[in-house]
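K.L.:
Handing you a structure now.
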Amino acid sequence: MPIHFWLNSHEVTTKEPAGRLVLDYLRQTERLVGTKEGCKEGDCGACMVLIGELAGNQVAYKPVTSCLMPVGELHGKHLVTIEGLNLEKLTPVQQAIVDEGGSQCGFCTPGIVVSLTGYLMQPWARGDKDGFKYALGGNLCRCTGYASLLRAGSRLGKQFGNGAAGNGKKAQNSIESLIKLNVLPDYFQTIPERLKRIPSFEQKNDKAKPETFVAGGTDIYVQRGEDLPDLKVEVLNLLPELKGISLKNGKLHVGALTTFEEFAVDPEIKKVIPEMPEYNLLNASWQIRNRATLGGNIVNASPIGDMTALLLALECDLILKSGNKQRTVPMKSFFKGYKVLNKKPSEILTEIIFPVPDKKTKIHFEKVSKRKTLDIASVNSAIKVRVEKGAIQTIEMSMGGVAPIPFFMNKTCEYLKDKPVNRQTVLDVLSVAMNEISPISDIRGSAEYKRLLVRQFIIGHFTRLYPEYLTVREFYETH
Ligand SMILES: Cc1cc2nc3c(=O)[nH]c(=O)nc-3n(C[C@H](O)[C@H](O)[C@H](O)COP(=O)(O)OP(=O)(O)OC[C@H]3O[C@@H](n4cnc5c(N)ncnc54)[C@H](O)[C@@H]3O)c2cc1C
Ligand code: FES
Ligand code: FES
């Protein structure tokens with residue numbers, strides 16, 4: 001079945017290989033060269049495009065890096081490049097950048113315009129400086145500096161306020177307002193009806209086994225970008241059954257295709273992990289989080305995967321499917337060695353299930369990386385713990401970056417069970433933890449440094465969660 005989508009205001013049907021990069025397709029085939037090739041690793045934002053997807057009768061847009069996205073996933077979607085945002089005159093976003101001197105070499109500018117426009121299209125967009133920092137998290141501009149771009153953001157914030165033009169209204173209303181305000185061209189109004197006419201993608205006639213799966217593509221394209229156009233890839237994002245979060249019988253069922261961003265803003269998840277929106281800011285950028293999936297984070301099996309570390313402490317079960325066969329694997333026994341998994345090559349991770357903790361259970365996540373944002377961890381850690389009358393009833397703790405696999409701290413947890421939360425317990429458990437981990441020195445830090453972080457994380461987990469039993473001051477003053 002050909003891939004059928006809308007590119008700006010044009011309809012496209014193509015038999016391009018599903019694994020070909022959207023960036024290469026745009027530049028080499030469509031000759032839409034306003035979308036730039038920079039790092040090709042998701043770090044710079046020069047290749048930014050908007051992807052619009054039907055949600056009921058409306059189209060919701062988000063900025064993503066086209067250098068990590070397969071063409072196969074465009075089916076049924078609206079792909080918007082910088083050329084598709086242009087009007088006869090400069091748009092308010094372009095004008096704000098010009099007025100504030102936010103463009104010098106110009107190479108990064110189209111990506112910045114796309115991100116800022118994408119941000120204004122969000123009904124939840126805020127008009128303050130932090131909002132625009134969020135919007136530009138995935139864009140680099142080294143030459144003009146960020147101050148002028150943030151000033152351009154502030155100008156837009158003043159012009160449009162919170163909720164951009166939508167004032168908190170639903171997506172399509174905000175798009176209509178943005179058209180009236182000359183932020184978007186008219187044709188955006190017709191896109192919902194146009195997308196509805198595209199038949200859904202059918203993979204059933206295709207009997208050939210896939211050579212690999214692509215979810216968000218944010219790991220696999222960085223690792224194997226050159227190979228994928230020539231391989232038979234299965235684009236998991238075309239399988240709607242792998243998406244969504246639901247609560248069933250006291251357990252949260254999270255589709256493996258749930259993105260970092262969707263997970264962080266989901267109301268059920270926020271009830272269980274109220275700090276999730278803050279933890280989210282420590283991971284990648286808005287643009288990458290719009291693509292990176294939880295399933296991809298787990299199956300990629302990096303010892304420092306952030307969502308993997310968090311989920312490992314939540315007592316997750318993983319549902320693996322191959323054809324009609326399905327099995328359940330506890331996440332704690334999924335990782336067998338460095339990138340060796342309890343998973344057959346044909347199996348797809350479809351769902352991640354974890355019990356909703358009771359009200360007395362607390363969850364906490366820590367991450368240290370060289371940069372505060374858009375950087376992978378040196379060490380990360382999550383804890384789920386239940387304390388009653390000052391004593392630990394149940395405890396689950398993960399630690400990333402200290403072993404060849406995302407590591408569950410079995411011995412440390414065993415030791416802590418039934419112990420009181422106080423300074424002595426924390427001091428005692430540090431030596432248990434030090435014996436349990438085996439960090440190595442690498443580009444993310446020396447083994448010694450990582451041991452120090454583990455120590456600080458354990459102290460941090462307890463002092464953050466139970467200041468009534470142990471404060472940082474108390475810990476260090478008497479130490
Ligand atoms: C700029 C940048 C910043 C990043 N920052 C962070 C960060 O801060 N923290 C962090 O943890 N990670 C980070 N990452 C890494 C990456 O975004 C995450 O690991 C992400 O979760 C990978 O998910 P994906 O859907 O993109 O996986 P993909 O790249 O699509 O897939 C990864 C692997 O998993 C397999 N796979 C994916 N889904 C399934 C499934 N459902 N069933 C079976 N196999 C599957 C694929 O075949 C592939 O082998 C960053 C990446 C980039 C490019
Ligand atoms: S080219 Fe740098 S993020 Fe895509
Ligand atoms: S204008 Fe090119 S790096 Fe900023």
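Following the order of the structure tokens, chains are lettered A, B, ..., residues in each are numbered from 1, and ligands are numbered from 1.
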For the contact check between segment 181-237 of chain A and segment 19-43 of chain A, emit one row per residue of segment 181-237 of chain A within 8 Å, containing the shortest atom pair and the distance in Å rounded to one decimal, counting only C-alpha atoms, chain then rising number order, as CSV.
P.N.:
residue,atom,partner,partner_atom,distance
A:Thr218,CA,A:Gly42,CA,7.3
A:Tyr221,CA,A:Glu41,CA,7.6
A:Val222,CA,A:Glu41,CA,5.4
A:Leu228,CA,A:Gly19,CA,5.2
A:Pro229,CA,A:Arg20,CA,4.3
A:Asp230,CA,A:Gly19,CA,7.4
A:Leu231,CA,A:Gly19,CA,7.1
A:Lys232,CA,A:Gly19,CA,7.5
A:Val233,CA,A:Gly19,CA,6.0
K.L.:
Would you save the residues from that selection as a PDB file, in the first residue's frame, using C-alpha atoms?
P.N.:
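That gives us part26.pdb:
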ATOM      1  CA  THR A 218      15.191   8.442  18.226  1.00  0.00           C
ATOM      2  CA  TYR A 221      18.189   6.216  13.510  1.00  0.00           C
ATOM      3  CA  VAL A 222      21.112   7.543  15.546  1.00  0.00           C
ATOM      4  CA  LEU A 228      17.260   1.543   7.572  1.00  0.00           C
ATOM      5  CA  PRO A 229      16.123   2.754   4.132  1.00  0.00           C
ATOM      6  CA  ASP A 230      17.347  -0.563   2.693  1.00  0.00           C
ATOM      7  CA  LEU A 231      15.767  -2.773   5.359  1.00  0.00           C
ATOM      8  CA  LYS A 232      12.228  -4.027   5.722  1.00  0.00           C
ATOM      9  CA  VAL A 233      11.144  -1.980   8.711  1.00  0.00           C
TER      10      VAL A 233
END
K.L.:
Grab me every residue within 10 Å of ligand 3, counting only C-alpha atoms and all ligand atoms, and send it over as a list in words.
P.N.:
Cys44, Ala46, Ile97, Gly101, Gly102, Ser103, Gln104, Cys105, Gly106, Phe107, Cys108, Thr109, Pro110, Ile112, Asn139, Leu140, Cys141, Arg142, Cys143, Thr144, Gly145, Tyr146 and Leu149 of chain A
K.L.:
Residues of the last selection are to be written out with C-alpha atoms, as a compact mmCIF listing (two decimals), in the first residue's frame.
P.N.:
# COMPACT_ATOMS: atom_id res chain seq x y z
CA CYS A 44 20.29 20.66 16.75
CA ALA A 46 17.79 22.42 12.01
CA ILE A 97 12.99 37.00 15.15
CA GLY A 101 18.06 40.21 15.76
CA GLY A 102 17.57 36.50 16.38
CA SER A 103 19.04 35.28 13.10
CA GLN A 104 22.63 35.55 11.94
CA CYS A 105 23.86 32.57 9.91
CA GLY A 106 20.26 31.65 9.20
CA PHE A 107 20.95 27.91 9.08
CA CYS A 108 19.16 27.20 12.33
CA THR A 109 16.43 29.80 11.76
CA PRO A 110 13.87 27.73 9.80
CA ILE A 112 13.42 27.80 15.19
CA ASN A 139 16.90 24.03 18.81
CA LEU A 140 20.53 25.11 18.82
CA CYS A 141 21.59 28.59 17.75
CA ARG A 142 25.16 29.20 18.74
CA CYS A 143 25.88 32.35 16.77
CA THR A 144 23.22 34.89 17.69
CA GLY A 145 22.87 33.50 21.17
CA TYR A 146 19.69 32.60 22.88
CA LEU A 149 15.56 34.43 20.53
K.L.:
Out of A:Leu116, A:Val385, A:Val12, A:Leu257, which residue has the shortest atom-to-atom distance to Asn290 of chain A when counting only C-alpha atoms?
P.N.:
A:Leu257
K.L.:
Set the distance at 8 Å and use only C-alpha atoms: which residues neighbour segment 396-405 of chain A once local chain neighbours fewer than 6 positions away are removed? I'd like the list as an MDAnalysis selection string.
P.N.:
chainID A and resid 301:306 309:310 312:315 335:339 377:385 412:413 437:440 450:451 454
K.L.:
Kindly save the residues from that selection, with N, CA and C atoms included, as a JSON list (two decimals), in the first residue's frame.
P.N.:
[["chain", "number", "residue", "atom", "x", "y", "z"],
["A", 301, "ALA", "N", 17.39, -0.66, 25.77],
["A", 301, "ALA", "CA", 18.15, -1.26, 26.88],
["A", 301, "ALA", "C", 19.43, -0.53, 27.25],
["A", 302, "SER", "N", 19.45, 0.78, 27.03],
["A", 302, "SER", "CA", 20.62, 1.52, 27.50],
["A", 302, "SER", "C", 20.62, 1.48, 29.03],
["A", 303, "PRO", "N", 21.78, 1.25, 29.63],
["A", 303, "PRO", "CA", 21.83, 1.22, 31.11],
["A", 303, "PRO", "C", 21.45, 2.56, 31.74],
["A", 304, "ILE", "N", 21.39, 3.63, 30.92],
["A", 304, "ILE", "CA", 21.03, 4.93, 31.49],
["A", 304, "ILE", "C", 19.72, 5.47, 30.91],
["A", 305, "GLY", "N", 18.89, 4.60, 30.35],
["A", 305, "GLY", "CA", 17.57, 5.05, 29.87],
["A", 305, "GLY", "C", 16.79, 5.63, 31.05],
["A", 306, "ASP", "N", 16.27, 6.85, 30.88],
["A", 306, "ASP", "CA", 15.64, 7.51, 32.03],
["A", 306, "ASP", "C", 14.27, 6.92, 32.37],
["A", 309, "ALA", "N", 14.68, 3.54, 33.93],
["A", 309, "ALA", "CA", 15.02, 3.58, 35.36],
["A", 309, "ALA", "C", 13.77, 3.83, 36.20],
["A", 310, "LEU", "N", 12.93, 4.75, 35.74],
["A", 310, "LEU", "CA", 11.72, 5.06, 36.50],
["A", 310, "LEU", "C", 10.79, 3.85, 36.53],
["A", 312, "LEU", "N", 11.41, 0.74, 36.10],
["A", 312, "LEU", "CA", 11.98, -0.42, 36.81],
["A", 312, "LEU", "C", 11.62, -0.39, 38.29],
["A", 313, "ALA", "N", 11.43, 0.80, 38.83],
["A", 313, "ALA", "CA", 11.09, 0.89, 40.26],
["A", 313, "ALA", "C", 9.58, 0.79, 40.49],
["A", 314, "LEU", "N", 8.81, 0.70, 39.40],
["A", 314, "LEU", "CA", 7.34, 0.70, 39.57],
["A", 314, "LEU", "C", 6.73, -0.70, 39.50],
["A", 315, "GLU", "N", 7.59, -1.73, 39.52],
["A", 315, "GLU", "CA", 7.12, -3.14, 39.47],
["A", 315, "GLU", "C", 6.31, -3.40, 38.20],
["A", 335, "PHE", "N", 16.15, -7.68, 31.45],
["A", 335, "PHE", "CA", 17.51, -7.33, 31.01],
["A", 335, "PHE", "C", 18.48, -8.41, 31.47],
["A", 336, "LYS", "N", 19.12, -9.08, 30.48],
["A", 336, "LYS", "CA", 19.96, -10.25, 30.81],
["A", 336, "LYS", "C", 21.45, -9.92, 30.79],
["A", 337, "GLY", "N", 21.84, -8.97, 30.03],
["A", 337, "GLY", "CA", 23.24, -8.56, 29.90],
["A", 337, "GLY", "C", 23.24, -7.32, 29.05],
["A", 338, "TYR", "N", 24.44, -6.79, 28.70],
["A", 338, "TYR", "CA", 24.45, -5.54, 27.93],
["A", 338, "TYR", "C", 23.68, -5.73, 26.62],
["A", 339, "LYS", "N", 22.54, -5.08, 26.51],
["A", 339, "LYS", "CA", 21.66, -5.14, 25.34],
["A", 339, "LYS", "C", 21.21, -6.57, 25.00],
["A", 377, "ALA", "N", 21.99, 10.71, 30.97],
["A", 377, "ALA", "CA", 22.42, 10.69, 32.37],
["A", 377, "ALA", "C", 23.83, 10.15, 32.55],
["A", 378, "SER", "N", 24.52, 10.65, 33.59],
["A", 378, "SER", "CA", 25.71, 9.94, 34.07],
["A", 378, "SER", "C", 25.21, 8.80, 34.94],
["A", 379, "VAL", "N", 24.33, 9.13, 35.86],
["A", 379, "VAL", "CA", 23.65, 8.12, 36.69],
["A", 379, "VAL", "C", 22.23, 8.63, 36.89],
["A", 380, "ASN", "N", 21.28, 7.70, 36.91],
["A", 380, "ASN", "CA", 19.91, 8.07, 37.27],
["A", 380, "ASN", "C", 19.36, 7.02, 38.24],
["A", 381, "SER", "N", 18.29, 7.35, 38.91],
["A", 381, "SER", "CA", 17.76, 6.42, 39.90],
["A", 381, "SER", "C", 16.30, 6.75, 40.20],
["A", 382, "ALA", "N", 15.54, 5.69, 40.49],
["A", 382, "ALA", "CA", 14.15, 5.90, 40.93],
["A", 382, "ALA", "C", 13.88, 5.02, 42.13],
["A", 383, "ILE", "N", 12.94, 5.47, 42.94],
["A", 383, "ILE", "CA", 12.59, 4.71, 44.15],
["A", 383, "ILE", "C", 11.07, 4.73, 44.29],
["A", 384, "LYS", "N", 10.52, 3.59, 44.75],
["A", 384, "LYS", "CA", 9.11, 3.54, 45.17],
["A", 384, "LYS", "C", 9.14, 2.95, 46.57],
["A", 385, "VAL", "N", 8.61, 3.67, 47.52],
["A", 385, "VAL", "CA", 8.80, 3.23, 48.90],
["A", 385, "VAL", "C", 7.55, 3.52, 49.72],
["A", 412, "THR", "N", 20.20, -3.94, 48.03],
["A", 412, "THR", "CA", 19.96, -2.69, 48.77],
["A", 412, "THR", "C", 18.52, -2.66, 49.29],
["A", 413, "CYS", "N", 17.58, -3.06, 48.43],
["A", 413, "CYS", "CA", 16.17, -3.07, 48.84],
["A", 413, "CYS", "C", 15.94, -4.09, 49.95],
["A", 437, "ILE", "N", 26.85, -2.45, 43.13],
["A", 437, "ILE", "CA", 26.99, -1.83, 41.81],
["A", 437, "ILE", "C", 28.39, -2.07, 41.22],
["A", 438, "SER", "N", 28.50, -1.89, 39.90],
["A", 438, "SER", "CA", 29.81, -2.07, 39.26],
["A", 438, "SER", "C", 30.00, -1.03, 38.15],
["A", 439, "PRO", "N", 30.01, 0.25, 38.50],
["A", 439, "PRO", "CA", 30.15, 1.27, 37.45],
["A", 439, "PRO", "C", 31.53, 1.24, 36.80],
["A", 440, "ILE", "N", 31.60, 1.67, 35.55],
["A", 440, "ILE", "CA", 32.90, 1.79, 34.87],
["A", 440, "ILE", "C", 33.14, 3.26, 34.52],
["A", 450, "LYS", "N", 30.65, 8.14, 39.71],
["A", 450, "LYS", "CA", 29.33, 7.50, 39.66],
["A", 450, "LYS", "C", 28.98, 6.89, 41.02],
["A", 451, "ARG", "N", 29.99, 6.38, 41.71],
["A", 451, "ARG", "CA", 29.73, 5.86, 43.07],
["A", 451, "ARG", "C", 29.27, 7.00, 43.99],
["A", 454, "VAL", "N", 25.67, 7.71, 43.28],
["A", 454, "VAL", "CA", 24.76, 6.70, 43.86],
["A", 454, "VAL", "C", 24.54, 7.02, 45.34]]
K.L.:
Given a cut-off of 7 Å, what residues near ligand 1 show up using only C-alpha atoms and all ligand atoms, put as an NGL selection string?
P.N.:
:A and (41-43 or 212-222 or 236 or 256-257 or 282-285 or 288-289 or 291-297 or 299-300 or 304-307 or 347-350 or 374-377)
K.L.:
Put those residues in a file: C-alpha atoms, as a PDB file, in the first residue's frame.
P.N.:
ATOM      1  CA  GLU A  41      21.118  12.974  15.530  1.00  0.00           C
ATOM      2  CA  GLY A  42      18.189  14.929  16.951  1.00  0.00           C
ATOM      3  CA  ASP A  43      20.388  17.428  18.779  1.00  0.00           C
ATOM      4  CA  THR A 212      13.545  -4.415  12.449  1.00  0.00           C
ATOM      5  CA  PHE A 213      10.943  -2.318  14.243  1.00  0.00           C
ATOM      6  CA  VAL A 214      10.900   1.457  14.428  1.00  0.00           C
ATOM      7  CA  ALA A 215       8.950   3.238  17.148  1.00  0.00           C
ATOM      8  CA  GLY A 216       9.906   6.920  17.605  1.00  0.00           C
ATOM      9  CA  GLY A 217      13.209   6.309  15.769  1.00  0.00           C
ATOM     10  CA  THR A 218      15.191   8.442  18.226  1.00  0.00           C
ATOM     11  CA  ASP A 219      17.633   5.666  19.090  1.00  0.00           C
ATOM     12  CA  ILE A 220      17.589   3.423  16.062  1.00  0.00           C
ATOM     13  CA  TYR A 221      18.189   6.216  13.510  1.00  0.00           C
ATOM     14  CA  VAL A 222      21.112   7.543  15.546  1.00  0.00           C
ATOM     15  CA  LEU A 236       5.070   0.562  14.946  1.00  0.00           C
ATOM     16  CA  ALA A 256       4.485   0.812  24.478  1.00  0.00           C
ATOM     17  CA  LEU A 257       4.162   3.553  21.850  1.00  0.00           C
ATOM     18  CA  LEU A 282      15.266  16.473  32.584  1.00  0.00           C
ATOM     19  CA  ASN A 283      14.844  14.248  29.542  1.00  0.00           C
ATOM     20  CA  ALA A 284      15.810  15.222  25.994  1.00  0.00           C
ATOM     21  CA  SER A 285      13.896  18.155  24.472  1.00  0.00           C
ATOM     22  CA  ILE A 288      12.486  14.522  20.974  1.00  0.00           C
ATOM     23  CA  ARG A 289      10.022  13.740  23.771  1.00  0.00           C
ATOM     24  CA  ARG A 291       8.825  11.103  19.424  1.00  0.00           C
ATOM     25  CA  ALA A 292      10.681   9.017  22.041  1.00  0.00           C
ATOM     26  CA  THR A 293       8.522   6.141  23.269  1.00  0.00           C
ATOM     27  CA  LEU A 294       8.606   4.238  26.552  1.00  0.00           C
ATOM     28  CA  GLY A 295       8.756   0.947  24.633  1.00  0.00           C
ATOM     29  CA  GLY A 296      11.765   2.172  22.636  1.00  0.00           C
ATOM     30  CA  ASN A 297      13.505   3.276  25.825  1.00  0.00           C
ATOM     31  CA  VAL A 299      13.937  -2.270  24.298  1.00  0.00           C
ATOM     32  CA  ASN A 300      16.933  -0.093  23.466  1.00  0.00           C
ATOM     33  CA  ILE A 304      21.028   4.934  31.485  1.00  0.00           C
ATOM     34  CA  GLY A 305      17.572   5.050  29.868  1.00  0.00           C
ATOM     35  CA  ASP A 306      15.636   7.511  32.034  1.00  0.00           C
ATOM     36  CA  MET A 307      12.121   6.165  31.646  1.00  0.00           C
ATOM     37  CA  GLU A 347       8.389 -10.084  19.627  1.00  0.00           C
ATOM     38  CA  ILE A 348       6.902  -6.597  19.930  1.00  0.00           C
ATOM     39  CA  LEU A 349       6.612  -4.968  23.324  1.00  0.00           C
ATOM     40  CA  THR A 350       2.976  -3.925  23.306  1.00  0.00           C
ATOM     41  CA  LEU A 374      18.980  17.665  26.513  1.00  0.00           C
ATOM     42  CA  ASP A 375      21.598  15.307  27.854  1.00  0.00           C
ATOM     43  CA  ILE A 376      21.759  11.658  28.766  1.00  0.00           C
ATOM     44  CA  ALA A 377      22.415  10.692  32.374  1.00  0.00           C
TER      45      ALA A 377
END
K.L.:
Using only C-alpha atoms, which of A:Gly225, A:Pro406, A:Gly52, A:Gly390 sits nearest Phe462 of chain A?
P.N.:
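Of A:Gly225, A:Pro406, A:Gly52, A:Gly390, the one nearest Phe462 of chain A is A:Gly390, counting only C-alpha atoms.
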K.L.:
Quick one: everything within 8 Å of Gly118 of chain A, counting only C-alpha atoms, minus sequence neighbours fewer than 6 positions away in the same chain. Send it as a PyMOL selection string.
P.N.:
chain A and resi 50+61-63
K.L.:
Where does DSSP see helix (DSSP H, G or I) in segment 166-328 of chain A, if you list the residues as a ChimeraX atom specification?
P.N.:
/A:166,171-180,186-196,220-224,228-230,236-238,240-242,260-265,267-272,276-281,286-289,294-300,306-312
